[in-house]
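The file run-v1.tsv comes next; it holds TSV, C-alpha atoms.
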chain	number	residue	atom	x	y	z
O	1	MET	CA	-3.02	-3.25	24.76
O	2	ASN	CA	0.28	-5.18	24.78
O	3	SER	CA	1.22	-7.73	22.17
O	4	ILE	CA	3.70	-10.57	21.94
O	5	PRO	CA	6.26	-10.62	19.09
O	6	VAL	CA	5.37	-13.32	16.59
O	7	LEU	CA	7.42	-15.83	14.65
O	8	THR	CA	5.17	-16.98	11.82
O	9	VAL	CA	5.47	-20.41	10.23
O	10	LYS	CA	7.24	-18.71	7.31
O	11	ASP	CA	9.70	-16.96	9.65
O	12	VAL	CA	10.47	-20.23	11.40
O	13	ALA	CA	11.03	-21.93	8.02
O	14	MET	CA	13.49	-19.17	7.04
O	15	LEU	CA	15.37	-19.51	10.31
O	16	ASP	CA	15.41	-23.30	9.99
O	17	GLY	CA	16.85	-22.93	6.49
O	18	VAL	CA	19.70	-20.75	7.73
O	19	LEU	CA	20.43	-22.94	10.74
O	20	GLY	CA	20.17	-26.19	8.78
O	21	ASP	CA	22.60	-24.90	6.19
O	22	PHE	CA	24.97	-23.73	8.92
O	23	LEU	CA	24.93	-27.11	10.69
O	24	LYS	CA	25.61	-28.92	7.43
O	25	LYS	CA	28.56	-26.72	6.51
O	26	ALA	CA	30.05	-26.61	10.01
O	27	GLU	CA	29.30	-30.30	10.60
O	28	ALA	CA	27.97	-29.47	14.03
O	29	ASP	CA	25.29	-31.37	15.98
O	30	LEU	CA	22.75	-28.74	16.97
O	31	THR	CA	22.22	-25.02	17.22
O	32	VAL	CA	19.84	-22.91	19.28
O	33	VAL	CA	19.02	-19.22	18.85
O	34	ILE	CA	17.92	-17.56	22.09
O	35	ASP	CA	17.27	-14.06	23.34
O	36	ARG	CA	19.46	-12.72	26.10
O	37	GLY	CA	16.71	-13.32	28.62
O	38	GLY	CA	16.98	-17.06	28.00
O	39	ASN	CA	13.91	-17.55	25.75
O	40	VAL	CA	14.31	-19.98	22.86
O	41	ILE	CA	13.69	-18.33	19.48
O	42	SER	CA	14.66	-21.16	17.16
O	43	GLN	CA	16.47	-24.48	17.26
O	44	PHE	CA	17.78	-26.99	14.76
O	45	GLY	CA	19.45	-30.38	15.06
O	46	ASP	CA	19.11	-33.34	17.39
O	47	MET	CA	17.52	-31.94	20.57
O	48	SER	CA	16.65	-35.31	22.08
O	49	VAL	CA	19.81	-35.30	24.18
O	50	MET	CA	18.79	-32.35	26.37
O	51	ASP	CA	16.08	-30.02	27.66
O	52	VAL	CA	16.44	-27.02	25.35
O	53	THR	CA	14.66	-24.68	27.78
O	54	ILE	CA	17.16	-25.34	30.56
O	55	PHE	CA	20.04	-25.23	28.09
O	56	ALA	CA	18.90	-21.78	26.89
O	57	ALA	CA	18.52	-20.40	30.41
O	58	LEU	CA	21.99	-21.55	31.43
O	59	ALA	CA	23.61	-20.37	28.21
O	60	ALA	CA	22.00	-16.93	28.51
O	61	GLY	CA	23.28	-16.72	32.09
O	62	SER	CA	26.76	-17.80	31.08
O	63	PHE	CA	26.91	-15.31	28.21
O	64	ALA	CA	25.58	-12.50	30.37
O	65	ALA	CA	28.13	-13.23	33.09
O	66	THR	CA	31.00	-13.09	30.62
O	67	CYS	CA	29.65	-9.80	29.22
O	68	GLU	CA	30.05	-8.36	32.70
O	69	LEU	CA	33.59	-9.74	32.83
O	70	ALA	CA	34.30	-8.09	29.47
O	71	ARG	CA	33.11	-4.73	30.74
O	72	ARG	CA	35.50	-5.02	33.69
O	73	ILE	CA	38.43	-5.03	31.23
O	74	GLY	CA	37.06	-2.26	29.06
O	75	GLU	CA	35.31	-4.36	26.38
O	76	ILE	CA	31.65	-4.01	25.43
O	77	GLU	CA	31.28	-7.79	25.42
O	78	PHE	CA	33.04	-10.97	24.39
O	79	ASN	CA	31.15	-11.59	21.18
O	80	ALA	CA	32.11	-15.26	21.03
O	81	LEU	CA	32.68	-17.92	23.68
O	82	TYR	CA	34.03	-21.45	23.40
O	83	HIS	CA	33.54	-24.15	26.01
O	84	GLN	CA	35.76	-27.15	25.44
O	85	GLY	CA	34.73	-30.59	26.66
O	86	ASN	CA	36.21	-34.05	26.23
O	87	GLY	CA	33.84	-35.16	23.48
O	88	SER	CA	31.30	-32.39	23.06
O	89	HIS	CA	32.02	-28.71	22.82
O	90	MET	CA	29.94	-25.56	22.73
O	91	PHE	CA	30.40	-22.32	20.82
O	92	MET	CA	28.32	-19.23	21.53
O	93	ASN	CA	28.30	-16.09	19.42
O	94	SER	CA	26.45	-12.82	19.61
O	95	VAL	CA	23.89	-12.35	16.83
O	96	ASP	CA	22.68	-8.87	17.73
O	97	ASP	CA	22.04	-6.80	20.85
O	98	ASP	CA	19.20	-9.11	21.92
O	99	THR	CA	20.15	-12.48	20.51
O	100	ILE	CA	22.73	-15.24	20.95
O	101	MET	CA	23.41	-18.33	18.87
O	102	ILE	CA	24.68	-21.50	20.56
O	103	THR	CA	26.22	-24.40	18.67
O	104	VAL	CA	27.07	-27.82	20.06
O	105	PHE	CA	29.54	-29.95	18.15
O	106	GLY	CA	31.66	-33.06	18.57
O	107	ALA	CA	34.74	-34.70	17.10
O	108	ASP	CA	33.45	-34.56	13.52
O	109	THR	CA	34.45	-30.91	13.22
O	110	ASN	CA	36.52	-28.27	14.98
O	111	VAL	CA	35.99	-24.89	16.59
O	112	GLY	CA	37.58	-23.00	13.69
O	113	LEU	CA	35.08	-24.34	11.20
O	114	VAL	CA	32.15	-23.69	13.52
O	115	ARG	CA	33.37	-20.21	14.23
O	116	TYR	CA	33.92	-19.44	10.53
O	117	TYR	CA	30.43	-20.46	9.41
O	118	SER	CA	28.72	-19.04	12.51
O	119	VAL	CA	29.59	-15.50	11.39
O	120	ALA	CA	27.52	-15.69	8.19
O	121	ALA	CA	24.76	-17.67	9.88
O	122	GLY	CA	24.57	-15.11	12.69
O	123	GLN	CA	24.30	-12.28	10.18
O	124	SER	CA	21.48	-14.06	8.34
O	125	VAL	CA	19.61	-14.74	11.57
O	126	ALA	CA	20.06	-11.11	12.63
O	127	ALA	CA	18.64	-9.92	9.30
O	128	ILE	CA	15.56	-12.15	9.67
O	129	LEU	CA	14.94	-11.03	13.25
O	130	LYS	CA	15.44	-7.39	12.28
O	131	SER	CA	12.82	-7.68	9.56
O	132	LEU	CA	10.43	-9.23	12.12
O	133	ARG	CA	10.89	-6.30	14.47
O	134	HIS	CA	10.27	-3.84	11.64
O	135	ALA	CA	7.23	-5.76	10.43
O	136	GLY	CA	5.73	-5.16	13.87
O	137	HIS	CA	3.60	-8.31	14.00
O	138	GLY	CA	2.03	-8.74	17.40
O	139	PHE	CA	-0.07	-11.51	18.83
O	140	THR	CA	-2.96	-10.90	21.18
O	141	PHE	CA	-5.79	-13.11	22.26
O	142	ASP	CA	-9.21	-12.76	23.82
O	143	ALA	CA	-9.49	-12.92	27.59
O	144	SER	CA	-12.03	-15.69	26.99
O	145	ASP	CA	-9.24	-17.79	25.43
O	146	ILE	CA	-7.45	-17.93	28.79
O	147	SER	CA	-8.40	-20.84	31.00
O	148	ALA	CA	-10.28	-19.64	34.06
O	149	ALA	CA	-9.15	-22.65	36.10
O	150	PRO	CA	-5.96	-22.38	38.16
O	151	ILE	CA	-3.07	-22.82	35.76
O	152	PHE	CA	-0.97	-24.94	38.09
O	153	ALA	CA	-2.39	-27.40	40.60
O	154	ASP	CA	-0.81	-28.52	43.87
O	155	SER	CA	-0.93	-32.26	43.40
G	156	MET	CA	10.02	-9.98	26.23
G	157	SER	CA	8.70	-13.39	25.31
G	158	ILE	CA	8.16	-14.50	21.74
G	159	ILE	CA	5.44	-16.63	20.21
G	160	ASN	CA	6.29	-19.41	17.79
G	161	TYR	CA	3.43	-20.21	15.43
G	162	ALA	CA	5.21	-23.24	13.98
G	163	SER	CA	5.47	-25.02	17.33
G	164	ARG	CA	2.45	-23.11	18.75
G	165	GLU	CA	4.36	-22.15	21.87
G	166	ILE	CA	4.42	-19.02	24.01
G	167	GLN	CA	7.15	-18.43	26.58
G	168	PHE	CA	6.92	-16.25	29.66
G	169	LYS	CA	9.60	-15.51	32.22
G	170	ILE	CA	8.63	-15.04	35.87
G	171	VAL	CA	11.25	-13.93	38.39
G	172	TYR	CA	11.06	-14.48	42.16
G	173	TYR	CA	12.81	-11.51	43.77
G	174	GLY	CA	13.48	-10.67	47.41
G	175	PRO	CA	16.07	-10.36	50.18
G	176	ALA	CA	18.51	-13.10	51.14
G	177	LEU	CA	17.01	-16.16	52.82
G	178	CYS	CA	13.42	-15.01	52.33
G	179	GLY	CA	12.38	-18.32	50.73
G	180	LYS	CA	12.58	-17.78	46.96
G	181	THR	CA	14.33	-21.09	46.30
G	182	THR	CA	11.93	-22.84	48.69
G	183	ASN	CA	9.03	-21.61	46.54
G	184	LEU	CA	10.54	-23.16	43.42
G	185	ALA	CA	11.50	-26.35	45.24
G	186	TYR	CA	7.92	-26.78	46.48
G	187	ILE	CA	6.46	-26.10	43.01
G	188	HIS	CA	8.92	-28.58	41.49
G	189	GLN	CA	8.00	-31.18	44.07
G	190	ARG	CA	4.23	-30.80	43.69
G	191	VAL	CA	3.49	-29.99	40.08
G	192	ASN	CA	2.69	-32.87	37.72
G	193	PRO	CA	6.08	-34.18	36.48
G	194	GLN	CA	4.74	-34.22	32.91
G	195	ASN	CA	4.34	-30.45	33.10
G	196	ARG	CA	7.76	-29.52	34.39
G	197	GLY	CA	11.46	-29.83	33.66
G	198	ASP	CA	14.30	-30.21	36.13
G	199	LEU	CA	14.90	-27.66	38.85
G	200	VAL	CA	18.32	-26.18	38.14
G	201	SER	CA	20.09	-24.48	41.05
G	202	LEU	CA	23.34	-22.60	40.65
G	203	ALA	CA	24.18	-22.44	44.33
G	204	THR	CA	27.20	-22.33	46.61
G	205	ALA	CA	28.33	-25.31	48.66
G	206	ALA	CA	26.24	-23.86	51.49
G	207	ASP	CA	23.09	-23.93	49.30
G	208	ARG	CA	22.97	-20.14	48.93
G	209	THR	CA	21.87	-19.08	45.46
G	210	LEU	CA	24.95	-17.93	43.54
G	211	PHE	CA	23.46	-17.13	40.13
G	212	PHE	CA	19.86	-18.27	39.85
G	213	ASP	CA	17.45	-21.17	40.25
G	214	PHE	CA	15.45	-22.13	37.20
G	215	LEU	CA	12.32	-24.23	36.78
G	216	PRO	CA	10.53	-24.62	33.42
G	217	LEU	CA	6.77	-25.34	33.54
G	218	ASN	CA	4.35	-26.17	30.74
G	219	ALA	CA	0.61	-25.52	30.67
G	220	VAL	CA	-2.22	-25.19	28.18
G	221	VAL	CA	-3.93	-22.00	29.23
G	222	ILE	CA	-4.48	-20.25	25.90
G	223	LYS	CA	-6.56	-22.08	23.34
G	224	GLY	CA	-4.36	-23.89	20.86
G	225	PHE	CA	-1.01	-22.94	22.39
G	226	VAL	CA	1.41	-24.57	24.79
G	227	THR	CA	2.38	-21.93	27.31
G	228	LYS	CA	5.84	-22.28	28.81
G	229	PHE	CA	6.50	-20.50	32.08
G	230	GLN	CA	10.13	-20.13	33.06
G	231	LEU	CA	10.53	-19.51	36.78
G	232	TYR	CA	13.75	-17.90	37.98
G	233	THR	CA	14.99	-16.78	41.36
G	234	VAL	CA	17.64	-14.14	41.91
G	235	PRO	CA	20.43	-14.32	44.49
G	236	GLY	CA	19.23	-12.24	47.43
G	237	GLN	CA	22.57	-11.31	48.92
G	238	VAL	CA	23.37	-7.61	48.47
G	239	ILE	CA	26.72	-8.24	46.76
G	240	TYR	CA	25.09	-10.03	43.82
G	241	ASN	CA	23.29	-7.04	42.34
G	242	ALA	CA	24.94	-7.43	38.93
G	243	THR	CA	23.58	-10.97	38.78
G	244	ARG	CA	20.08	-9.80	39.73
G	245	GLN	CA	20.15	-7.31	36.86
G	246	LEU	CA	21.06	-10.10	34.45
G	247	VAL	CA	18.28	-12.40	35.65
G	248	LEU	CA	15.71	-9.58	35.47
G	249	ARG	CA	16.41	-9.08	31.78
G	250	SER	CA	13.34	-9.78	29.56
G	251	CYS	CA	11.24	-10.64	32.60
G	252	ASP	CA	7.46	-10.83	31.98
G	253	GLY	CA	6.23	-11.23	35.56
G	254	LEU	CA	7.49	-10.77	39.11
G	255	VAL	CA	6.87	-12.29	42.51
G	256	PHE	CA	8.39	-10.20	45.29
G	257	VAL	CA	9.00	-12.52	48.25
G	258	ALA	CA	9.19	-10.69	51.58
G	259	ASP	CA	10.33	-12.25	54.85
G	260	SER	CA	7.57	-11.51	57.38
G	261	GLN	CA	9.84	-11.47	60.43
G	262	TRP	CA	10.22	-8.10	62.15
G	263	GLU	CA	14.00	-8.13	61.99
G	264	LYS	CA	13.89	-8.63	58.20
G	265	MET	CA	11.69	-5.63	57.46
G	266	GLU	CA	14.54	-3.29	56.60
G	267	GLU	CA	15.99	-5.89	54.21
G	268	ASN	CA	12.57	-6.27	52.58
G	269	VAL	CA	12.35	-2.53	51.98
G	270	GLU	CA	15.91	-2.36	50.66
G	271	SER	CA	15.32	-5.31	48.34
G	272	PHE	CA	12.11	-3.81	46.95
G	273	LYS	CA	13.88	-0.51	46.31
G	274	ASN	CA	16.66	-2.47	44.63
G	275	LEU	CA	14.09	-4.19	42.42
G	276	VAL	CA	12.58	-0.87	41.38
G	277	ASP	CA	16.05	0.56	40.68
G	278	ASN	CA	17.11	-2.45	38.62
G	279	LEU	CA	13.91	-2.26	36.56
G	280	VAL	CA	14.49	1.45	35.96
G	281	ARG	CA	17.96	0.61	34.63
G	282	GLN	CA	16.15	-1.47	32.01
G	283	ASN	CA	13.73	1.40	31.34
G	284	VAL	CA	10.86	-0.50	32.95
G	285	ALA	CA	8.53	0.85	35.64
G	286	ILE	CA	7.39	-1.53	38.36
G	287	ASP	CA	3.77	-0.61	37.61
G	288	ASP	CA	4.17	-1.86	34.04
G	289	VAL	CA	5.26	-5.37	35.05
G	290	PRO	CA	2.73	-7.94	36.29
G	291	CYS	CA	3.77	-8.33	39.91
G	292	VAL	CA	2.43	-9.86	43.12
G	293	LEU	CA	3.68	-9.67	46.69
G	294	GLU	CA	4.30	-12.75	48.80
G	295	TYR	CA	4.55	-12.33	52.57
G	296	ASN	CA	6.43	-15.48	53.45
G	297	LYS	CA	7.12	-17.36	56.70
G	298	ARG	CA	3.73	-16.51	58.21
G	299	ASP	CA	4.07	-19.54	60.52
G	300	LEU	CA	6.97	-18.06	62.49
G	301	PRO	CA	6.29	-16.51	65.92
G	302	ASN	CA	7.90	-13.11	65.31
G	303	VAL	CA	6.14	-11.97	62.17
G	304	ALA	CA	4.80	-8.48	61.52
G	305	PRO	CA	1.02	-8.26	61.14
G	306	LEU	CA	-0.46	-8.22	57.70
G	307	ASN	CA	-1.58	-4.60	57.73
G	308	TYR	CA	1.94	-3.55	58.64
G	309	MET	CA	3.44	-5.57	55.76
G	310	GLU	CA	0.92	-3.89	53.47
G	311	TYR	CA	1.83	-0.47	54.86
G	312	VAL	CA	5.55	-1.05	54.35
G	313	LEU	CA	5.57	-2.81	50.96
G	314	ASN	CA	2.25	-2.14	49.26
G	315	ASN	CA	1.61	1.50	50.11
G	316	ARG	CA	1.31	3.03	46.66
G	317	LYS	CA	-1.29	4.27	44.23
G	318	LYS	CA	-1.40	1.03	42.27
G	319	ARG	CA	-1.61	-1.68	44.91
G	320	LEU	CA	-0.39	-5.15	44.13
G	321	GLN	CA	-2.15	-8.39	44.86
G	322	SER	CA	-0.55	-9.94	47.93
G	323	PHE	CA	-0.48	-13.33	49.61
G	324	GLU	CA	0.35	-14.66	53.03
G	325	VAL	CA	2.53	-17.68	52.36
G	326	ILE	CA	4.30	-20.47	54.19
G	327	SER	CA	6.61	-21.70	51.48
G	328	SER	CA	8.10	-24.48	53.63
G	329	THR	CA	4.69	-26.21	53.77
G	330	GLY	CA	3.47	-24.83	50.46
G	331	GLN	CA	0.54	-22.79	51.74
G	332	ASN	CA	-0.48	-20.26	49.07
G	333	VAL	CA	2.64	-20.98	47.00
G	334	PHE	CA	0.48	-22.10	44.06
G	335	ALA	CA	-2.03	-19.31	44.67
G	336	THR	CA	0.80	-16.81	44.26
G	337	LEU	CA	2.12	-18.46	41.10
G	338	ASN	CA	-1.35	-18.74	39.57
G	339	ALA	CA	-2.09	-15.10	40.35
G	340	VAL	CA	1.01	-13.69	38.67
G	341	SER	CA	0.49	-16.04	35.70
G	342	GLN	CA	-3.10	-14.87	35.22
G	343	ILE	CA	-2.13	-11.20	35.54
G	344	LEU	CA	0.59	-11.49	32.90
G	345	LEU	CA	-1.65	-13.49	30.54
G	346	HIS	CA	-4.38	-10.87	30.82
G	347	LYS	CA	-1.84	-8.16	30.15
G	348	PHE	CA	-1.56	-9.54	26.61
G	349	SER	CA	-5.28	-10.14	26.09
G	350	LYS	CA	-7.46	-7.85	24.03
G	351	GLN	CA	-9.50	-6.99	27.10
G	352	SER	CA	-6.46	-5.99	29.15
G	353	GLU	CA	-7.72	-2.49	29.87
G	354	VAL	CA	-10.98	-3.82	31.30
G	355	THR	CA	-9.23	-6.44	33.40
G	356	GLN	CA	-6.78	-3.98	34.90
G	357	ALA	CA	-9.58	-1.65	35.91
G	358	THR	CA	-10.73	-4.22	38.46
G	359	PRO	CA	-8.76	-3.80	41.70
G	360	PRO	CA	-7.03	-7.02	42.74
G	361	PRO	CA	-7.81	-8.61	46.09
G	362	VAL	CA	-5.11	-7.79	48.61
G	363	ALA	CA	-3.48	-10.27	51.01
G	364	ILE	CA	-5.08	-13.67	50.72
G	365	PRO	CA	-4.49	-14.98	54.25
G	366	VAL	CA	-3.28	-18.30	55.58
G	367	GLU	CA	-4.59	-17.41	59.03
G	368	PRO	CA	-6.04	-14.29	60.70
G	369	PRO	CA	-3.23	-11.98	61.86
G	370	THR	CA	-3.35	-11.56	65.64
G	371	ARG	CA	-0.02	-10.08	66.66
G	372	THR	CA	0.74	-6.46	67.42
G	373	PRO	CA	3.55	-4.38	65.94
G	374	GLU	CA	6.71	-3.94	67.97
G	375	LYS	CA	8.72	-1.56	65.83
G	376	ARG	CA	8.36	0.40	62.63
G	377	SER	CA	10.10	0.59	59.27
G	378	ALA	CA	9.56	3.32	56.73
G	379	PRO	CA	7.30	2.34	53.83
G	380	VAL	CA	8.70	1.84	50.32
As structure tokens, how would this structure be written, given the file I've shared?
Amino acid sequence: MNSIPVLTVKDVAMLDGVLGDFLKKAEADLTVVIDRGGNVISQFGDMSVMDVTIFAALAAGSFAATCELARRIGEIEFNALYHQGNGSHMFMNSVDDDTIMITVFGADTNVGLVRYYSVAAGQSVAAILKSLRHAGHGFTFDASDISAAPIFADS
Amino acid sequence: MSIINYASREIQFKIVYYGPALCGKTTNLAYIHQRVNPQNRGDLVSLATAADRTLFFDFLPLNAVVIKGFVTKFQLYTVPGQVIYNATRQLVLRSCDGLVFVADSQWEKMEENVESFKNLVDNLVRQNVAIDDVPCVLEYNKRDLPNVAPLNYMEYVLNNRKKRLQSFEVISSTGQNVFATLNAVSQILLHKFSKQSEVTQATPPPVAIPVEPPTRTPEKRSAPV
């Protein structure tokens, strides 16, 4: 039987604490923790401005593409990336082998500050996720819990 | 691998549409995006060239309530089919929970189908995953065209293995069996995580749900995968 890794309410609260503290110190707008496949693990900040799912998919793709570029010049990966806009900017840093943290910020702060605080935040997030993996929680459900009706309808 | 968030009561699954160039992967996602209830989907994102060829991937997020008490998010991706983009296909395949292999039913595309399926198997092996361990269905697309191989030949070429996959005859341009394919792979991957998964997998899946009875005769042969 296969199981799905679980983030409990307590785990999410711990992650939110780390990310909230990071945003406050770095004075950034929002941050999203994703796995390298593009799945959202945690998020904090004002998400009303965008679809986080799409954002995560594109960011994972962007990070993965630059990892391939890094390998072409003999690096394992570029462990941090900065995308500069006119008003909003984005900073991505590697948390661990499976996880990336993305931070969006504006004119209230600067990339140096975001980068500085992202190191400690990334380490804290990595420690929480590592403890989850070691705890080995797994979610399964009964087959009877799955809707028998077609999941998606052609309307 | 997806992750479940108990705080937001969400589960995420990633389904990848794989197949040779111009087989109709993007058309599948475009049809699903067009027809699914707008409340249950996000935008269709296409990273394509100026000539509308997929450069990186297409992406369509879908929401559903299929497990009691949880919002289930399905993230549909396509890969670029062109041979040169293999590095990109490997990236998109990462952490994939389910697969739809889209084959072009035309005779002249059979060799590309076989090559693409082999490429899929190879790319999964690079991630230490066996094709038999991933929920996967086959989609025989473009069944409305005049020069298509018969169904039994498609099965012989692409589904000739010990563990046969569920397969569908599809016309993605009109949407025939597009949702049947998506629903099938979604159900298979959900049951993979259910407590009765062993029982469910013991039941052989139906093979090749048709859009019309195949009537044409084979003209040439390709080696099976």
**Request:** For Gly106 in chain O, please output as a PyMOL selection string all residues within 7 Å (counting all atoms listed in the file; exclusion window: fewer than 4 positions along the same chain).
**Result:** chain O and resi 28+87-89
Could you write those residues out with C-alpha atoms, as a compact mmCIF listing (two decimals), in the coordinates of the input?
# COMPACT_ATOMS: atom_id res chain seq x y z
CA ALA O 28 27.97 -29.47 14.03
CA GLY O 87 33.84 -35.16 23.48
CA SER O 88 31.30 -32.39 23.06
CA HIS O 89 32.02 -28.71 22.82
Set out as a Markdown table a contact list for chain O and chain G with a cut-off of 9 Å, giving each residue of chain O that qualifies its closest atom pair and distance in Å to one decimal, counting all atoms listed in the file, ordered by chain and rising residue number.
| residue | atom | partner | partner_atom | distance |
| --- | --- | --- | --- | --- |
| O:Met1 | CA | G:Ser352 | CA | 6.2 |
| O:Asn2 | CA | G:Phe348 | CA | 5.1 |
| O:Ser3 | CA | G:Phe348 | CA | 5.5 |
| O:Ile4 | CA | G:Ile158 | CA | 5.9 |
| O:Pro5 | CA | G:Ile158 | CA | 5.1 |
| O:Val6 | CA | G:Ile159 | CA | 4.9 |
| O:Leu7 | CA | G:Asn160 | CA | 4.9 |
| O:Thr8 | CA | G:Tyr161 | CA | 5.1 |
| O:Val9 | CA | G:Ala162 | CA | 4.7 |
| O:Lys10 | CA | G:Ala162 | CA | 8.3 |
| O:Asp11 | CA | G:Ala162 | CA | 8.9 |
| O:Val12 | CA | G:Ala162 | CA | 6.6 |
| O:Ala13 | CA | G:Ala162 | CA | 8.4 |
| O:Asp35 | CA | G:Ser250 | CA | 8.5 |
| O:Arg36 | CA | G:Arg249 | CA | 7.4 |
| O:Gly37 | CA | G:Ser250 | CA | 5.0 |
| O:Gly38 | CA | G:Ser250 | CA | 8.3 |
| O:Asn39 | CA | G:Ser157 | CA | 6.7 |
| O:Val40 | CA | G:Gln167 | CA | 8.2 |
| O:Ile41 | CA | G:Ile158 | CA | 7.1 |
| O:Ser42 | CA | G:Asn160 | CA | 8.6 |
| O:Asp51 | CA | G:Gly197 | CA | 7.6 |
| O:Thr53 | CA | G:Pro216 | CA | 7.0 |
| O:Ile54 | CA | G:Pro216 | CA | 7.3 |
| O:Ala57 | CA | G:Phe214 | CA | 7.6 |
| O:Leu58 | CA | G:Phe214 | CA | 8.7 |
| O:Gly61 | CA | G:Leu246 | CA | 7.4 |
| O:Ala64 | CA | G:Leu246 | CA | 6.5 |
| O:Ala65 | CA | G:Thr243 | CA | 7.6 |
| O:Glu68 | CA | G:Ala242 | CA | 8.1 |
| O:Phe139 | CA | G:Ile159 | CA | 7.6 |
| O:Thr140 | CA | G:Ser349 | CA | 5.5 |
| O:Phe141 | CA | G:Ser349 | CA | 4.9 |
| O:Asp142 | CA | G:Lys350 | CA | 5.2 |
| O:Ala143 | CA | G:Ser349 | CA | 5.3 |
| O:Ser144 | CA | G:Ser349 | CA | 8.8 |
| O:Asp145 | CA | G:Ile222 | CA | 5.4 |
| O:Ile146 | CA | G:Ile222 | CA | 4.7 |
| O:Ser147 | CA | G:Val221 | CA | 4.9 |
| O:Ala148 | CA | G:Val221 | CA | 8.3 |
| O:Ala149 | CA | G:Val221 | CA | 8.7 |
| O:Pro150 | CA | G:Asn338 | CA | 6.0 |
| O:Ile151 | CA | G:Asn338 | CA | 5.8 |
| O:Phe152 | CA | G:Asn338 | CA | 6.4 |
| O:Ala153 | CA | G:Val191 | CA | 6.4 |
| O:Asp154 | CA | G:Arg190 | CA | 5.5 |
| O:Ser155 | CA | G:Arg190 | CA | 5.4 |
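One finds CA of Asp46 in chain O at 11.2 Å from CA of Gly20 in chain O.
In this model, the gap between CA of Ala59 in chain O and CA of Ala258 in chain G comes to 29.1 Å.
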Worksheet item: Which polymer residues have any atom within 7 Å of an atom of Thr103 in chain O, counting all atoms listed in the file, with same-chain residues fewer than 2 positions away left out, as number ranges by chain?
Response: O: 30-32, 90-92, 101, 105
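Distance check against Val269 in chain G using only C-alpha atoms: of G:Val257, G:Leu306, G:Leu320, G:Leu300, the minimum falls on G:Val257.
Residues lying at most 9 Å from (22.5, -18.3, 13.0) in file coordinates, with only C-alpha atoms considered, are Leu15, Val18, Leu19, Phe22, Thr31, Val32, Val33, Asn93, Val95, Ile100, Met101, Ile102, Tyr117, Ser118, Val119, Ala120, Ala121, Gly122, Gln123, Ser124, Val125 and Ala126 of chain O.
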Take the selection from the previous step and output its residues with C-alpha atoms, as a PDB file, in the frame of the given file.
ATOM      1  CA  LEU O  15      15.370 -19.510  10.310  1.00  0.00           C
ATOM      2  CA  VAL O  18      19.700 -20.750   7.730  1.00  0.00           C
ATOM      3  CA  LEU O  19      20.430 -22.940  10.740  1.00  0.00           C
ATOM      4  CA  PHE O  22      24.970 -23.730   8.920  1.00  0.00           C
ATOM      5  CA  THR O  31      22.220 -25.020  17.220  1.00  0.00           C
ATOM      6  CA  VAL O  32      19.840 -22.910  19.280  1.00  0.00           C
ATOM      7  CA  VAL O  33      19.020 -19.220  18.850  1.00  0.00           C
ATOM      8  CA  ASN O  93      28.300 -16.090  19.420  1.00  0.00           C
ATOM      9  CA  VAL O  95      23.890 -12.350  16.830  1.00  0.00           C
ATOM     10  CA  ILE O 100      22.730 -15.240  20.950  1.00  0.00           C
ATOM     11  CA  MET O 101      23.410 -18.330  18.870  1.00  0.00           C
ATOM     12  CA  ILE O 102      24.680 -21.500  20.560  1.00  0.00           C
ATOM     13  CA  TYR O 117      30.430 -20.460   9.410  1.00  0.00           C
ATOM     14  CA  SER O 118      28.720 -19.040  12.510  1.00  0.00           C
ATOM     15  CA  VAL O 119      29.590 -15.500  11.390  1.00  0.00           C
ATOM     16  CA  ALA O 120      27.520 -15.690   8.190  1.00  0.00           C
ATOM     17  CA  ALA O 121      24.760 -17.670   9.880  1.00  0.00           C
ATOM     18  CA  GLY O 122      24.570 -15.110  12.690  1.00  0.00           C
ATOM     19  CA  GLN O 123      24.300 -12.280  10.180  1.00  0.00           C
ATOM     20  CA  SER O 124      21.480 -14.060   8.340  1.00  0.00           C
ATOM     21  CA  VAL O 125      19.610 -14.740  11.570  1.00  0.00           C
ATOM     22  CA  ALA O 126      20.060 -11.110  12.630  1.00  0.00           C
TER      23      ALA O 126
END
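Between CA of Gln321 in chain G and CA of Asn302 in chain G there is a distance of 23.3 Å.
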At a cut-off of 12 Å, using only C-alpha atoms, what residues contact Ser260 in chain G? Leave out same-chain residues fewer than 2 positions from it and give the result as a PyMOL selection string.
chain G and resi 174-175+177-179+257-258+262-269+293-310+312-313+323-327+369+373
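Comparing the minimum interatomic distances between His83 in chain O and each of O:Met14, O:Asp98, O:Asp108, O:Ser62, counting all atoms listed in the file, we find that O:Ser62 sits nearest.
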Show which residues sit within 12 Å of Asp277 in chain G, as a VMD selection string. Count all atoms listed in the file, and ignore same-chain residues fewer than 5 positions away.
chain G and resid 241 244 to 245 248 270 to 272 282 to 286
The selected residues should be written to file as an mmCIF file, in the coordinates of the input (atoms: C-alpha atoms).
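Result file part33.cif:
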data_model
loop_
_atom_site.group_PDB
_atom_site.id
_atom_site.type_symbol
_atom_site.label_atom_id
_atom_site.label_comp_id
_atom_site.auth_asym_id
_atom_site.auth_seq_id
_atom_site.Cartn_x
_atom_site.Cartn_y
_atom_site.Cartn_z
ATOM 1 C CA ASN G 241 23.290 -7.040 42.340
ATOM 2 C CA ARG G 244 20.080 -9.800 39.730
ATOM 3 C CA GLN G 245 20.150 -7.310 36.860
ATOM 4 C CA LEU G 248 15.710 -9.580 35.470
ATOM 5 C CA GLU G 270 15.910 -2.360 50.660
ATOM 6 C CA SER G 271 15.320 -5.310 48.340
ATOM 7 C CA PHE G 272 12.110 -3.810 46.950
ATOM 8 C CA GLN G 282 16.150 -1.470 32.010
ATOM 9 C CA ASN G 283 13.730 1.400 31.340
ATOM 10 C CA VAL G 284 10.860 -0.500 32.950
ATOM 11 C CA ALA G 285 8.530 0.850 35.640
ATOM 12 C CA ILE G 286 7.390 -1.530 38.360
#
